[in-house]
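This is entry.txt (compact mmCIF, N, CA and C atoms).
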```
# COMPACT_ATOMS: atom_id res chain seq x y z
N MET L 1 94.45 29.44 136.66
CA MET L 1 94.53 28.51 135.55
C MET L 1 93.37 27.53 135.63
N ALA L 2 92.68 27.34 134.54
CA ALA L 2 91.58 26.39 134.50
C ALA L 2 92.12 24.96 134.46
N ALA L 3 91.31 24.04 134.92
CA ALA L 3 91.73 22.63 134.92
C ALA L 3 91.94 22.16 133.48
N GLN L 4 93.02 21.41 133.29
CA GLN L 4 93.30 20.88 131.96
C GLN L 4 92.91 19.41 131.95
N TYR L 5 92.11 19.04 130.97
CA TYR L 5 91.71 17.66 130.84
C TYR L 5 92.36 17.07 129.60
N LEU L 6 92.67 15.81 129.69
CA LEU L 6 93.27 15.14 128.55
C LEU L 6 92.22 14.88 127.50
N PRO L 7 92.60 14.98 126.23
CA PRO L 7 91.64 14.61 125.18
C PRO L 7 91.32 13.11 125.28
N LYS L 8 90.12 12.75 124.90
CA LYS L 8 89.68 11.36 125.00
C LYS L 8 90.61 10.44 124.24
N GLU L 9 91.12 10.92 123.09
CA GLU L 9 92.00 10.08 122.27
C GLU L 9 93.29 9.75 123.01
N LYS L 10 93.86 10.73 123.72
CA LYS L 10 95.10 10.51 124.46
C LYS L 10 94.87 9.52 125.59
N THR L 11 93.76 9.65 126.30
CA THR L 11 93.42 8.72 127.37
C THR L 11 93.28 7.31 126.83
N GLU L 12 92.55 7.17 125.71
CA GLU L 12 92.37 5.84 125.11
C GLU L 12 93.71 5.26 124.66
N GLU L 13 94.57 6.12 124.12
CA GLU L 13 95.89 5.66 123.67
C GLU L 13 96.71 5.11 124.84
N ILE L 14 96.70 5.82 125.97
CA ILE L 14 97.45 5.39 127.15
C ILE L 14 96.91 4.06 127.66
N PHE L 15 95.57 3.94 127.75
CA PHE L 15 95.00 2.69 128.26
C PHE L 15 95.19 1.55 127.28
N ALA L 16 95.18 1.83 125.99
CA ALA L 16 95.42 0.77 125.00
C ALA L 16 96.84 0.26 125.11
N GLN L 17 97.78 1.16 125.36
CA GLN L 17 99.18 0.76 125.44
C GLN L 17 99.49 0.01 126.73
N TYR L 18 98.98 0.48 127.86
CA TYR L 18 99.35 -0.09 129.15
C TYR L 18 98.27 -0.94 129.79
N GLY L 19 97.00 -0.68 129.49
CA GLY L 19 95.93 -1.37 130.19
C GLY L 19 95.37 -2.57 129.44
N GLY L 20 95.86 -2.84 128.25
CA GLY L 20 95.37 -3.98 127.49
C GLY L 20 94.44 -3.55 126.37
N SER L 21 93.45 -2.72 126.68
CA SER L 21 92.54 -2.21 125.66
C SER L 21 92.11 -0.81 126.04
N ALA L 22 91.61 -0.06 125.06
CA ALA L 22 91.22 1.34 125.32
C ALA L 22 90.07 1.43 126.31
N GLY L 23 89.23 0.39 126.37
CA GLY L 23 88.08 0.41 127.26
C GLY L 23 88.39 -0.07 128.66
N ASN L 24 89.58 -0.60 128.89
CA ASN L 24 89.94 -1.16 130.19
C ASN L 24 90.51 -0.06 131.10
N THR L 25 89.65 0.88 131.47
CA THR L 25 90.12 2.04 132.24
C THR L 25 90.32 1.72 133.72
N GLY L 26 89.96 0.54 134.15
CA GLY L 26 90.11 0.18 135.55
C GLY L 26 91.41 -0.52 135.87
N SER L 27 92.20 -0.85 134.86
CA SER L 27 93.43 -1.59 135.12
C SER L 27 94.42 -0.72 135.88
N ALA L 28 95.07 -1.32 136.86
CA ALA L 28 96.04 -0.58 137.66
C ALA L 28 97.19 -0.06 136.79
N GLU L 29 97.63 -0.88 135.83
CA GLU L 29 98.74 -0.47 134.97
C GLU L 29 98.37 0.76 134.15
N GLY L 30 97.17 0.76 133.59
CA GLY L 30 96.71 1.89 132.80
C GLY L 30 96.57 3.15 133.62
N GLN L 31 96.05 3.00 134.84
CA GLN L 31 95.87 4.16 135.71
C GLN L 31 97.22 4.74 136.12
N VAL L 32 98.18 3.88 136.43
CA VAL L 32 99.52 4.36 136.79
C VAL L 32 100.13 5.12 135.62
N ALA L 33 99.97 4.60 134.40
CA ALA L 33 100.50 5.27 133.21
C ALA L 33 99.83 6.63 133.00
N LEU L 34 98.52 6.68 133.19
CA LEU L 34 97.79 7.94 133.05
C LEU L 34 98.25 8.96 134.10
N PHE L 35 98.38 8.52 135.34
CA PHE L 35 98.84 9.41 136.40
C PHE L 35 100.25 9.91 136.10
N THR L 36 101.10 9.04 135.59
CA THR L 36 102.47 9.43 135.27
C THR L 36 102.49 10.51 134.19
N TYR L 37 101.64 10.35 133.17
CA TYR L 37 101.54 11.34 132.11
C TYR L 37 101.09 12.68 132.68
N ARG L 38 100.08 12.66 133.54
CA ARG L 38 99.57 13.89 134.14
C ARG L 38 100.59 14.52 135.08
N ILE L 39 101.33 13.69 135.83
CA ILE L 39 102.34 14.19 136.76
C ILE L 39 103.44 14.92 135.99
N LYS L 40 103.84 14.37 134.85
CA LYS L 40 104.87 15.04 134.05
C LYS L 40 104.39 16.42 133.59
N GLY L 41 103.15 16.50 133.16
CA GLY L 41 102.60 17.78 132.73
C GLY L 41 102.54 18.80 133.85
N LEU L 42 102.09 18.36 135.02
CA LEU L 42 102.01 19.27 136.17
C LEU L 42 103.40 19.69 136.63
N SER L 43 104.37 18.79 136.55
CA SER L 43 105.74 19.13 136.96
C SER L 43 106.32 20.20 136.06
N GLU L 44 106.06 20.07 134.75
CA GLU L 44 106.53 21.09 133.81
C GLU L 44 105.87 22.44 134.11
N HIS L 45 104.58 22.41 134.41
CA HIS L 45 103.87 23.64 134.74
C HIS L 45 104.46 24.28 136.00
N LEU L 46 104.74 23.47 137.02
CA LEU L 46 105.27 24.00 138.26
C LEU L 46 106.69 24.53 138.10
N ALA L 47 107.44 23.99 137.15
CA ALA L 47 108.78 24.50 136.90
C ALA L 47 108.71 25.95 136.41
N ARG L 48 107.67 26.27 135.64
CA ARG L 48 107.49 27.62 135.12
C ARG L 48 106.76 28.52 136.12
N ASN L 49 105.83 27.95 136.88
CA ASN L 49 104.98 28.73 137.79
C ASN L 49 105.11 28.17 139.21
N ASN L 50 106.24 28.46 139.84
CA ASN L 50 106.53 27.81 141.12
C ASN L 50 105.67 28.31 142.28
N LYS L 51 104.86 29.32 142.08
CA LYS L 51 104.00 29.81 143.17
C LYS L 51 102.57 29.31 143.05
N ASP L 52 102.31 28.44 142.12
CA ASP L 52 100.96 27.90 141.90
C ASP L 52 100.71 26.78 142.91
N GLN L 53 100.17 27.15 144.07
CA GLN L 53 100.01 26.18 145.15
C GLN L 53 98.90 25.16 144.89
N SER L 54 97.84 25.56 144.19
CA SER L 54 96.77 24.60 143.90
C SER L 54 97.28 23.52 142.96
N CYS L 55 98.14 23.89 142.04
CA CYS L 55 98.74 22.91 141.13
C CYS L 55 99.65 21.97 141.91
N ARG L 56 100.41 22.53 142.85
CA ARG L 56 101.30 21.70 143.66
C ARG L 56 100.50 20.66 144.46
N ARG L 57 99.35 21.10 144.99
CA ARG L 57 98.51 20.18 145.74
C ARG L 57 97.98 19.06 144.85
N ARG L 58 97.52 19.42 143.63
CA ARG L 58 97.05 18.40 142.69
C ARG L 58 98.16 17.41 142.35
N LEU L 59 99.37 17.95 142.17
CA LEU L 59 100.51 17.10 141.86
C LEU L 59 100.78 16.10 142.99
N LEU L 60 100.81 16.59 144.21
CA LEU L 60 101.07 15.71 145.35
C LEU L 60 99.97 14.67 145.53
N THR L 61 98.74 15.05 145.25
CA THR L 61 97.62 14.11 145.32
C THR L 61 97.80 12.99 144.30
N LEU L 62 98.17 13.38 143.07
CA LEU L 62 98.38 12.38 142.03
C LEU L 62 99.55 11.45 142.35
N VAL L 63 100.62 12.01 142.89
CA VAL L 63 101.78 11.19 143.25
C VAL L 63 101.38 10.17 144.32
N GLY L 64 100.58 10.60 145.28
CA GLY L 64 100.12 9.68 146.33
C GLY L 64 99.24 8.58 145.77
N LYS L 65 98.34 8.93 144.86
CA LYS L 65 97.47 7.92 144.24
C LYS L 65 98.30 6.91 143.46
N ARG L 66 99.28 7.44 142.71
CA ARG L 66 100.13 6.55 141.91
C ARG L 66 100.93 5.62 142.81
N ARG L 67 101.45 6.17 143.92
CA ARG L 67 102.23 5.35 144.84
C ARG L 67 101.39 4.21 145.42
N ARG L 68 100.14 4.52 145.79
CA ARG L 68 99.27 3.47 146.34
C ARG L 68 98.96 2.40 145.30
N LEU L 69 98.71 2.83 144.06
CA LEU L 69 98.44 1.86 143.00
C LEU L 69 99.66 0.99 142.72
N LEU L 70 100.85 1.59 142.74
CA LEU L 70 102.08 0.83 142.51
C LEU L 70 102.30 -0.18 143.64
N ALA L 71 102.00 0.21 144.87
CA ALA L 71 102.14 -0.72 146.00
C ALA L 71 101.19 -1.90 145.83
N TYR L 72 99.96 -1.61 145.39
CA TYR L 72 98.99 -2.67 145.14
C TYR L 72 99.48 -3.60 144.04
N LEU L 73 100.00 -3.01 142.97
CA LEU L 73 100.47 -3.81 141.84
C LEU L 73 101.67 -4.67 142.24
N ALA L 74 102.56 -4.12 143.05
CA ALA L 74 103.73 -4.87 143.50
C ALA L 74 103.30 -6.07 144.35
N LYS L 75 102.25 -5.88 145.14
CA LYS L 75 101.75 -6.97 145.97
C LYS L 75 101.05 -8.04 145.11
N LYS L 76 100.33 -7.57 144.10
CA LYS L 76 99.52 -8.47 143.27
C LYS L 76 100.37 -9.23 142.24
N ASP L 77 101.24 -8.51 141.52
CA ASP L 77 102.02 -9.13 140.45
C ASP L 77 103.34 -8.39 140.30
N ILE L 78 104.39 -8.91 140.93
CA ILE L 78 105.68 -8.22 140.98
C ILE L 78 106.32 -8.10 139.59
N VAL L 79 106.06 -9.07 138.72
CA VAL L 79 106.65 -9.03 137.37
C VAL L 79 106.08 -7.87 136.57
N LYS L 80 104.74 -7.73 136.58
CA LYS L 80 104.10 -6.60 135.87
C LYS L 80 104.55 -5.28 136.46
N TYR L 81 104.69 -5.23 137.78
CA TYR L 81 105.14 -4.01 138.46
C TYR L 81 106.51 -3.59 137.95
N ARG L 82 107.45 -4.54 137.90
CA ARG L 82 108.81 -4.22 137.45
C ARG L 82 108.84 -3.79 136.00
N GLU L 83 108.05 -4.46 135.15
CA GLU L 83 107.98 -4.07 133.73
C GLU L 83 107.44 -2.65 133.59
N LEU L 84 106.39 -2.34 134.36
CA LEU L 84 105.74 -1.04 134.25
C LEU L 84 106.66 0.10 134.68
N ILE L 85 107.35 -0.06 135.81
CA ILE L 85 108.22 1.04 136.25
C ILE L 85 109.40 1.21 135.30
N LYS L 86 109.81 0.11 134.68
CA LYS L 86 110.90 0.22 133.70
C LYS L 86 110.42 0.97 132.44
N GLU L 87 109.22 0.62 131.95
CA GLU L 87 108.67 1.27 130.76
C GLU L 87 108.42 2.76 130.99
N LEU L 88 107.87 3.10 132.17
CA LEU L 88 107.50 4.48 132.44
C LEU L 88 108.68 5.32 132.93
N GLY L 89 109.75 4.66 133.34
CA GLY L 89 110.93 5.40 133.80
C GLY L 89 110.72 6.07 135.14
N ILE L 90 110.01 5.38 136.06
CA ILE L 90 109.82 5.94 137.39
C ILE L 90 110.57 5.10 138.41
N ARG L 91 110.70 5.62 139.61
CA ARG L 91 111.40 4.96 140.70
C ARG L 91 112.86 4.71 140.38
N GLY L 92 113.59 5.76 140.17
CA GLY L 92 115.02 5.56 140.02
C GLY L 92 115.51 6.18 138.79
```

Full structure transcribed into structure tokens:
Amino acid sequence: MAAQYLPKEKTEEIFAQYGGSAGNTGSAEGQVALFTYRIKGLSEHLARNNKDQSCRRRLLTLVGKRRRLLAYLAKKDIVKYRELIKELGIRG
């Protein structure tokens, strides 16, 4: 399977919704939202193709990146962290 990239419009939409503006691609909130979107897609793919080990590795890498960003956000601003996990429906 070839790598799937998100369309630029979808990326901008995610960052506009969570990162403040479409151009603010460095915001931790926007990156967590983007990773969450990609993780959901990879999880659906793995449900259908459970022997795709390269996809599983990409998924685990993304989950680790998201976890580190969430830990950083929790340390930096606990209120934003709680709002974000509630909006995205992660951690519980």

Just how far from atom CA of Gly19 of chain L is atom CA of Lys76 of chain L, in Å to one decimal?
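Between atom CA of Lys76 of chain L and atom CA of Gly19 of chain L the gap is 15.3 Å.
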
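With only C-alpha atoms taken into account, the protein and nucleic acid residues at most 12 Å from Lys10 of chain L (excluding it and anything under 3 positions from it in its own chain) are Tyr5, Leu6, Pro7, Glu13, Ile14, Phe15, Ala16, Gln17, Ala22, Ala33, Leu34, Tyr37 and Arg38 of chain L.
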
Output the selection as a PDB file, keeping the file's coordinate frame - N, CA and C atoms for each residue.
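Result written to result-v5.pdb:
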```pdb
ATOM      1  N   TYR L   5      92.110  19.040 130.970  1.00  0.00           N
ATOM      2  CA  TYR L   5      91.710  17.660 130.840  1.00  0.00           C
ATOM      3  C   TYR L   5      92.360  17.070 129.600  1.00  0.00           C
ATOM      4  N   LEU L   6      92.670  15.810 129.690  1.00  0.00           N
ATOM      5  CA  LEU L   6      93.270  15.140 128.550  1.00  0.00           C
ATOM      6  C   LEU L   6      92.220  14.880 127.500  1.00  0.00           C
ATOM      7  N   PRO L   7      92.600  14.980 126.230  1.00  0.00           N
ATOM      8  CA  PRO L   7      91.640  14.610 125.180  1.00  0.00           C
ATOM      9  C   PRO L   7      91.320  13.110 125.280  1.00  0.00           C
ATOM     10  N   GLU L  13      94.570   6.120 124.120  1.00  0.00           N
ATOM     11  CA  GLU L  13      95.890   5.660 123.670  1.00  0.00           C
ATOM     12  C   GLU L  13      96.710   5.110 124.840  1.00  0.00           C
ATOM     13  N   ILE L  14      96.700   5.820 125.970  1.00  0.00           N
ATOM     14  CA  ILE L  14      97.450   5.390 127.150  1.00  0.00           C
ATOM     15  C   ILE L  14      96.910   4.060 127.660  1.00  0.00           C
ATOM     16  N   PHE L  15      95.570   3.940 127.750  1.00  0.00           N
ATOM     17  CA  PHE L  15      95.000   2.690 128.260  1.00  0.00           C
ATOM     18  C   PHE L  15      95.190   1.550 127.280  1.00  0.00           C
ATOM     19  N   ALA L  16      95.180   1.830 125.990  1.00  0.00           N
ATOM     20  CA  ALA L  16      95.420   0.770 125.000  1.00  0.00           C
ATOM     21  C   ALA L  16      96.840   0.260 125.110  1.00  0.00           C
ATOM     22  N   GLN L  17      97.780   1.160 125.360  1.00  0.00           N
ATOM     23  CA  GLN L  17      99.180   0.760 125.440  1.00  0.00           C
ATOM     24  C   GLN L  17      99.490   0.010 126.730  1.00  0.00           C
ATOM     25  N   ALA L  22      91.610  -0.060 125.060  1.00  0.00           N
ATOM     26  CA  ALA L  22      91.220   1.340 125.320  1.00  0.00           C
ATOM     27  C   ALA L  22      90.070   1.430 126.310  1.00  0.00           C
ATOM     28  N   ALA L  33      99.970   4.600 134.400  1.00  0.00           N
ATOM     29  CA  ALA L  33     100.500   5.270 133.210  1.00  0.00           C
ATOM     30  C   ALA L  33      99.830   6.630 133.000  1.00  0.00           C
ATOM     31  N   LEU L  34      98.520   6.680 133.190  1.00  0.00           N
ATOM     32  CA  LEU L  34      97.790   7.940 133.050  1.00  0.00           C
ATOM     33  C   LEU L  34      98.250   8.960 134.100  1.00  0.00           C
ATOM     34  N   TYR L  37     101.640  10.350 133.170  1.00  0.00           N
ATOM     35  CA  TYR L  37     101.540  11.340 132.110  1.00  0.00           C
ATOM     36  C   TYR L  37     101.090  12.680 132.680  1.00  0.00           C
ATOM     37  N   ARG L  38     100.080  12.660 133.540  1.00  0.00           N
ATOM     38  CA  ARG L  38      99.570  13.890 134.140  1.00  0.00           C
ATOM     39  C   ARG L  38     100.590  14.520 135.080  1.00  0.00           C
TER      40      ARG L  38
END
```

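When all atoms listed in the file are used to measure the gap to Glu29 of chain L, the shortest distance among L:Ile90, L:Leu69, L:Leu60, L:Val79 belongs to L:Leu69.
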
For the atom pair atom CA of Asp52 of chain L and atom CA of Val32 of chain L, what is the interatomic distance in Å to one decimal place?
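Pair atom CA of Asp52 of chain L / atom CA of Val32 of chain L returns 24.1 Å.
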
Calculate how many Å separate atom C of Gln31 of chain L from atom N of Glu12 of chain L, rounding to one decimal.
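It comes out at 11.7 Å.
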
Taking 2 positions as the minimum chain separation for residues in the same chain, which residues sit within 10 Å of segment 40-44 of chain L when counting only C-alpha atoms? Answer as a VMD selection string.
chain L and resid 4 35 to 38 46 to 50 55 to 56 58 to 60 62

List every residue of chain L that DSSP, applied to the backbone of this structure, assigns to helix (DSSP H, G or I), and report them as a ChimeraX atom specification.
/L:8-18,28-48,53-76,78-88
